[in-house]
Every structure is written in structure tokens, then in C-alpha cells.
Amino acid sequence: MPCPLVLVADSNAHIRFFLKREFMAAGFELVFAKVHTEVLRLVQHDRRPDLIVLDTGLPFIDWASAAARIRSEAPQVPIIFYTPYAEDVENFAFSGADAIVEKTPDPALLITTVKNLLARNNPRAKNPPGSSLEQNQVLGEKN
């Protein structure tokens, strides 16, 4: 069975490099986008991502518009908004995302959220080690 393919959309090269290292160590395959047009192109690709991590600061598009455009192409693909602002997580009311996670120096929460959403999206897959569906209720994950 192939590794889950995660699309990380972030305009910051340092964050992309950091997440590549961390996600690959956790057993994921990654593809990257720097702008929203790359996200849409990759969502339409033959091998569609299993999940999308979308930086809320991606240039030239707002969060809700980005999620709506992705949903029109790939309605079953979970979307995580990845934000540098704690208040965004606290006030999780963004349409279109399945979860929102704050950017921190420790990617454990993001990786756990990815694992949980993938497990929830594929009920036949067993929960990955270290996943906890209860924990994501604190993250603002939509049920």
C-alpha cells in the first residue's frame, strides 16, 4: 500500500523544507505548492493528494475561496488550514476546512491531525500510531 500523499501549500521555503523532513520521517509522501494555482493544478493531477495542508497566508487568495475551489475539484480530500495565529485556532469558524492547526516549532500536532483525518476519511484503515480522534476535538476539527 502506498504512503499517503500530502499536499503542503506554503509560500515559505523554510517551512516547506521543515515539514518535508518531519512528514517523511512520519511515513508520508509529500508534494508542495507555493501559490494557490499550483494547489489547484496538483488537485487535478492523476494522483490526487490524500490530504491538503493549506497555509492561511498563501498569496493572492483568501482561505474560504481556496477551500471552495479545492472542494469543487476534490470534495473528499480533507483540508487543514495551517495558521501562524493562535486566535485563528481559538475562533475556528472557517468554512471549508476540516481542521485548523497553529504553526509551531513542533509539528507533532499537525502530523497527528493529518493522521486522524486520513483515518477518519478511510474507515477501513486502522488508526495510525499516536493518533487520537478525541484530541482533534480540541483542535477545532469538524465532526
# chains A, B, ... in the order shown; residues from 1 in each chain; ligands from 1

call {"tool": "residues_around", "arguments": {"residues": "Arg48 in chain A", "least_positions_apart": "3", "cutoff": "12 Å", "atoms": "only C-alpha atoms", "output": "ChimeraX atom specification"}}
result
/A:4-7,30-31,39-45,51-52,70,73-78

call {"tool": "write_last_selection", "arguments": {"atoms": "N, CA and C atoms", "output": "PDB file, in the first residue's frame"}}
result
ATOM      1  N   PRO A   4       0.501   7.646   2.265  1.00  0.00           N
ATOM      2  CA  PRO A   4      -0.449   8.726   1.973  1.00  0.00           C
ATOM      3  C   PRO A   4       0.276   9.924   1.366  1.00  0.00           C
ATOM      4  N   LEU A   5      -0.342  10.525   0.363  1.00  0.00           N
ATOM      5  CA  LEU A   5       0.223  11.688  -0.307  1.00  0.00           C
ATOM      6  C   LEU A   5      -0.400  12.944   0.289  1.00  0.00           C
ATOM      7  N   VAL A   6       0.451  13.792   0.875  1.00  0.00           N
ATOM      8  CA  VAL A   6       0.006  15.029   1.488  1.00  0.00           C
ATOM      9  C   VAL A   6       0.526  16.198   0.658  1.00  0.00           C
ATOM     10  N   LEU A   7      -0.377  17.093   0.293  1.00  0.00           N
ATOM     11  CA  LEU A   7      -0.014  18.321  -0.407  1.00  0.00           C
ATOM     12  C   LEU A   7       0.149  19.414   0.638  1.00  0.00           C
ATOM     13  N   LEU A  30       5.152  13.509   0.107  1.00  0.00           N
ATOM     14  CA  LEU A  30       4.738  14.906   0.024  1.00  0.00           C
ATOM     15  C   LEU A  30       4.861  15.464  -1.379  1.00  0.00           C
ATOM     16  N   VAL A  31       4.010  16.428  -1.639  1.00  0.00           N
ATOM     17  CA  VAL A  31       4.112  17.257  -2.821  1.00  0.00           C
ATOM     18  C   VAL A  31       3.862  18.680  -2.321  1.00  0.00           C
ATOM     19  N   VAL A  39      -1.689  24.616  -6.191  1.00  0.00           N
ATOM     20  CA  VAL A  39      -2.566  23.721  -5.421  1.00  0.00           C
ATOM     21  C   VAL A  39      -3.638  23.159  -6.338  1.00  0.00           C
ATOM     22  N   LEU A  40      -4.296  24.038  -7.080  1.00  0.00           N
ATOM     23  CA  LEU A  40      -5.384  23.586  -7.963  1.00  0.00           C
ATOM     24  C   LEU A  40      -4.874  22.647  -9.047  1.00  0.00           C
ATOM     25  N   ARG A  41      -3.685  22.932  -9.584  1.00  0.00           N
ATOM     26  CA  ARG A  41      -3.106  22.047 -10.613  1.00  0.00           C
ATOM     27  C   ARG A  41      -2.832  20.664 -10.020  1.00  0.00           C
ATOM     28  N   LEU A  42      -2.293  20.622  -8.808  1.00  0.00           N
ATOM     29  CA  LEU A  42      -1.961  19.337  -8.182  1.00  0.00           C
ATOM     30  C   LEU A  42      -3.206  18.557  -7.761  1.00  0.00           C
ATOM     31  N   VAL A  43      -4.272  19.266  -7.417  1.00  0.00           N
ATOM     32  CA  VAL A  43      -5.527  18.599  -7.057  1.00  0.00           C
ATOM     33  C   VAL A  43      -6.138  17.929  -8.284  1.00  0.00           C
ATOM     34  N   GLN A  44      -5.861  18.482  -9.462  1.00  0.00           N
ATOM     35  CA  GLN A  44      -6.385  17.921 -10.706  1.00  0.00           C
ATOM     36  C   GLN A  44      -5.471  16.859 -11.305  1.00  0.00           C
ATOM     37  N   HIS A  45      -4.345  16.613 -10.683  1.00  0.00           N
ATOM     38  CA  HIS A  45      -3.351  15.665 -11.184  1.00  0.00           C
ATOM     39  C   HIS A  45      -3.894  14.235 -11.099  1.00  0.00           C
ATOM     40  N   LEU A  51      -4.667  14.416   1.291  1.00  0.00           N
ATOM     41  CA  LEU A  51      -4.967  15.476   2.255  1.00  0.00           C
ATOM     42  C   LEU A  51      -4.178  16.713   1.863  1.00  0.00           C
ATOM     43  N   ILE A  52      -4.720  17.900   2.200  1.00  0.00           N
ATOM     44  CA  ILE A  52      -4.061  19.162   1.870  1.00  0.00           C
ATOM     45  C   ILE A  52      -3.851  19.976   3.141  1.00  0.00           C
ATOM     46  N   ILE A  70     -10.850  24.147  -4.049  1.00  0.00           N
ATOM     47  CA  ILE A  70     -10.342  22.780  -3.869  1.00  0.00           C
ATOM     48  C   ILE A  70     -11.503  21.806  -3.767  1.00  0.00           C
ATOM     49  N   GLU A  73     -13.042  20.640  -6.983  1.00  0.00           N
ATOM     50  CA  GLU A  73     -12.248  19.661  -7.722  1.00  0.00           C
ATOM     51  C   GLU A  73     -12.121  18.332  -6.985  1.00  0.00           C
ATOM     52  N   ALA A  74     -12.053  18.384  -5.656  1.00  0.00           N
ATOM     53  CA  ALA A  74     -11.780  17.184  -4.850  1.00  0.00           C
ATOM     54  C   ALA A  74     -12.588  17.229  -3.551  1.00  0.00           C
ATOM     55  N   PRO A  75     -13.892  16.968  -3.637  1.00  0.00           N
ATOM     56  CA  PRO A  75     -14.751  17.139  -2.461  1.00  0.00           C
ATOM     57  C   PRO A  75     -14.412  16.226  -1.277  1.00  0.00           C
ATOM     58  N   GLN A  76     -13.784  15.088  -1.506  1.00  0.00           N
ATOM     59  CA  GLN A  76     -13.487  14.147  -0.434  1.00  0.00           C
ATOM     60  C   GLN A  76     -12.131  14.377   0.231  1.00  0.00           C
ATOM     61  N   VAL A  77     -11.307  15.244  -0.315  1.00  0.00           N
ATOM     62  CA  VAL A  77      -9.954  15.442   0.213  1.00  0.00           C
ATOM     63  C   VAL A  77     -10.011  16.380   1.423  1.00  0.00           C
ATOM     64  N   PRO A  78      -9.563  15.911   2.597  1.00  0.00           N
ATOM     65  CA  PRO A  78      -9.558  16.784   3.778  1.00  0.00           C
ATOM     66  C   PRO A  78      -8.590  17.947   3.615  1.00  0.00           C
TER      67      PRO A  78
END

call {"tool": "select_by_dssp", "arguments": {"residues": "chain A", "states": "strand (DSSP E)", "output": "list in words"}}
result
Leu5, Val6, Leu7, Val8, Ala9, Glu29, Leu30, Val31, Phe32, Ala33, Leu51, Ile52, Val53, Leu54, Asp55, Ile79, Ile80, Phe81, Tyr82, Thr83, Ala99, Ile100, Val101 and Glu102 of chain A

call {"tool": "select_by_dssp", "arguments": {"residues": "chain A", "states": "helix (DSSP H, G or I)", "output": "ChimeraX atom specification"}}
result
/A:13-25,36-43,63-73,86-90,108-121,133-139

call {"tool": "atom_distance", "arguments": {"atom1": "CA of Asn122 in chain A", "atom2": "CA of Asp55 in chain A"}}
result
24.0 Å

call {"tool": "residues_around", "arguments": {"residues": "range 56-63 of chain A", "least_positions_apart": "5", "cutoff": "7 Å", "atoms": "only C-alpha atoms", "output": "JSON, numbers by chain"}}
result
{"A": [10, 11, 35, 36, 81, 82, 83]}

call {"tool": "atom_distance", "arguments": {"atom1": "CA of Lys34 in chain A", "atom2": "CA of Ala66 in chain A"}}
result
13.2 Å

call {"tool": "atom_distance", "arguments": {"atom1": "CA of Ile100 in chain A", "atom2": "CA of Met24 in chain A"}}
result
21.1 Å

call {"tool": "residues_around", "arguments": {"residues": "Ile111 in chain A", "least_positions_apart": "5", "cutoff": "9 Å", "atoms": "only C-alpha atoms", "output": "list in words"}}
result
Glu22, Phe23, Ala26, Asn116 and Ser131 of chain A

call {"tool": "write_last_selection", "arguments": {"atoms": "N, CA and C atoms", "output": "JSON list (two decimals), in the first residue's frame"}}
result
[["chain", "number", "residue", "atom", "x", "y", "z"],
["A", 22, "GLU", "N", 9.93, 16.33, 8.47],
["A", 22, "GLU", "CA", 9.10, 15.78, 9.54],
["A", 22, "GLU", "C", 8.05, 14.80, 9.01],
["A", 23, "PHE", "N", 7.41, 15.14, 7.91],
["A", 23, "PHE", "CA", 6.37, 14.26, 7.35],
["A", 23, "PHE", "C", 6.98, 12.99, 6.76],
["A", 26, "ALA", "N", 7.62, 10.59, 9.36],
["A", 26, "ALA", "CA", 6.37, 10.00, 9.86],
["A", 26, "ALA", "C", 5.73, 9.05, 8.85],
["A", 116, "ASN", "N", -5.21, 11.61, 11.90],
["A", 116, "ASN", "CA", -6.59, 11.42, 12.32],
["A", 116, "ASN", "C", -7.57, 11.67, 11.18],
["A", 131, "SER", "N", -2.30, 8.40, 16.98],
["A", 131, "SER", "CA", -3.46, 9.21, 16.62],
["A", 131, "SER", "C", -4.51, 9.09, 17.71]]

call {"tool": "decode", "arguments": {"residues": "range 102-121 of chain A", "atoms": "N, CA and C atoms", "output": "PDB file, in the first residue's frame"}}
result
ATOM      1  N   GLU A 102      -2.338  25.554  14.463  1.00  0.00           N
ATOM      2  CA  GLU A 102      -1.397  26.665  14.578  1.00  0.00           C
ATOM      3  C   GLU A 102       0.003  26.207  14.202  1.00  0.00           C
ATOM      4  N   LYS A 103       0.717  27.065  13.476  1.00  0.00           N
ATOM      5  CA  LYS A 103       2.122  26.791  13.138  1.00  0.00           C
ATOM      6  C   LYS A 103       2.955  26.972  14.400  1.00  0.00           C
ATOM      7  N   THR A 104       3.661  25.930  14.762  1.00  0.00           N
ATOM      8  CA  THR A 104       4.562  25.993  15.914  1.00  0.00           C
ATOM      9  C   THR A 104       5.865  25.311  15.523  1.00  0.00           C
ATOM     10  N   PRO A 105       6.918  25.469  16.344  1.00  0.00           N
ATOM     11  CA  PRO A 105       8.182  24.789  16.036  1.00  0.00           C
ATOM     12  C   PRO A 105       8.089  23.270  16.151  1.00  0.00           C
ATOM     13  N   ASP A 106       7.041  22.765  16.801  1.00  0.00           N
ATOM     14  CA  ASP A 106       6.856  21.321  16.954  1.00  0.00           C
ATOM     15  C   ASP A 106       5.709  20.873  16.040  1.00  0.00           C
ATOM     16  N   PRO A 107       5.987  20.078  15.016  1.00  0.00           N
ATOM     17  CA  PRO A 107       4.949  19.681  14.061  1.00  0.00           C
ATOM     18  C   PRO A 107       4.078  18.511  14.534  1.00  0.00           C
ATOM     19  N   ALA A 108       4.251  18.053  15.764  1.00  0.00           N
ATOM     20  CA  ALA A 108       3.531  16.863  16.240  1.00  0.00           C
ATOM     21  C   ALA A 108       2.016  17.025  16.127  1.00  0.00           C
ATOM     22  N   LEU A 109       1.489  18.178  16.496  1.00  0.00           N
ATOM     23  CA  LEU A 109       0.051  18.398  16.436  1.00  0.00           C
ATOM     24  C   LEU A 109      -0.453  18.353  14.995  1.00  0.00           C
ATOM     25  N   LEU A 110       0.293  18.934  14.079  1.00  0.00           N
ATOM     26  CA  LEU A 110      -0.095  18.892  12.666  1.00  0.00           C
ATOM     27  C   LEU A 110      -0.077  17.462  12.145  1.00  0.00           C
ATOM     28  N   ILE A 111       0.961  16.726  12.444  1.00  0.00           N
ATOM     29  CA  ILE A 111       1.075  15.345  11.963  1.00  0.00           C
ATOM     30  C   ILE A 111      -0.021  14.474  12.562  1.00  0.00           C
ATOM     31  N   THR A 112      -0.332  14.665  13.845  1.00  0.00           N
ATOM     32  CA  THR A 112      -1.411  13.907  14.476  1.00  0.00           C
ATOM     33  C   THR A 112      -2.753  14.237  13.830  1.00  0.00           C
ATOM     34  N   THR A 113      -2.981  15.506  13.534  1.00  0.00           N
ATOM     35  CA  THR A 113      -4.225  15.914  12.884  1.00  0.00           C
ATOM     36  C   THR A 113      -4.335  15.294  11.494  1.00  0.00           C
ATOM     37  N   VAL A 114      -3.242  15.278  10.754  1.00  0.00           N
ATOM     38  CA  VAL A 114      -3.225  14.652   9.426  1.00  0.00           C
ATOM     39  C   VAL A 114      -3.575  13.170   9.554  1.00  0.00           C
ATOM     40  N   LYS A 115      -2.927  12.472  10.469  1.00  0.00           N
ATOM     41  CA  LYS A 115      -3.196  11.041  10.657  1.00  0.00           C
ATOM     42  C   LYS A 115      -4.660  10.790  11.008  1.00  0.00           C
ATOM     43  N   ASN A 116      -5.205  11.610  11.903  1.00  0.00           N
ATOM     44  CA  ASN A 116      -6.592  11.424  12.325  1.00  0.00           C
ATOM     45  C   ASN A 116      -7.574  11.669  11.185  1.00  0.00           C
ATOM     46  N   LEU A 117      -7.340  12.713  10.404  1.00  0.00           N
ATOM     47  CA  LEU A 117      -8.240  12.988   9.289  1.00  0.00           C
ATOM     48  C   LEU A 117      -8.152  11.907   8.220  1.00  0.00           C
ATOM     49  N   LEU A 118      -6.960  11.414   7.959  1.00  0.00           N
ATOM     50  CA  LEU A 118      -6.822  10.329   6.984  1.00  0.00           C
ATOM     51  C   LEU A 118      -7.513   9.060   7.473  1.00  0.00           C
ATOM     52  N   ALA A 119      -7.368   8.755   8.761  1.00  0.00           N
ATOM     53  CA  ALA A 119      -8.026   7.569   9.325  1.00  0.00           C
ATOM     54  C   ALA A 119      -9.541   7.726   9.290  1.00  0.00           C
ATOM     55  N   ARG A 120     -10.031   8.923   9.588  1.00  0.00           N
ATOM     56  CA  ARG A 120     -11.475   9.168   9.558  1.00  0.00           C
ATOM     57  C   ARG A 120     -12.003   9.107   8.133  1.00  0.00           C
ATOM     58  N   ASN A 121     -11.211   9.578   7.180  1.00  0.00           N
ATOM     59  CA  ASN A 121     -11.623   9.587   5.784  1.00  0.00           C
ATOM     60  C   ASN A 121     -11.613   8.192   5.166  1.00  0.00           C
TER      61      ASN A 121
END
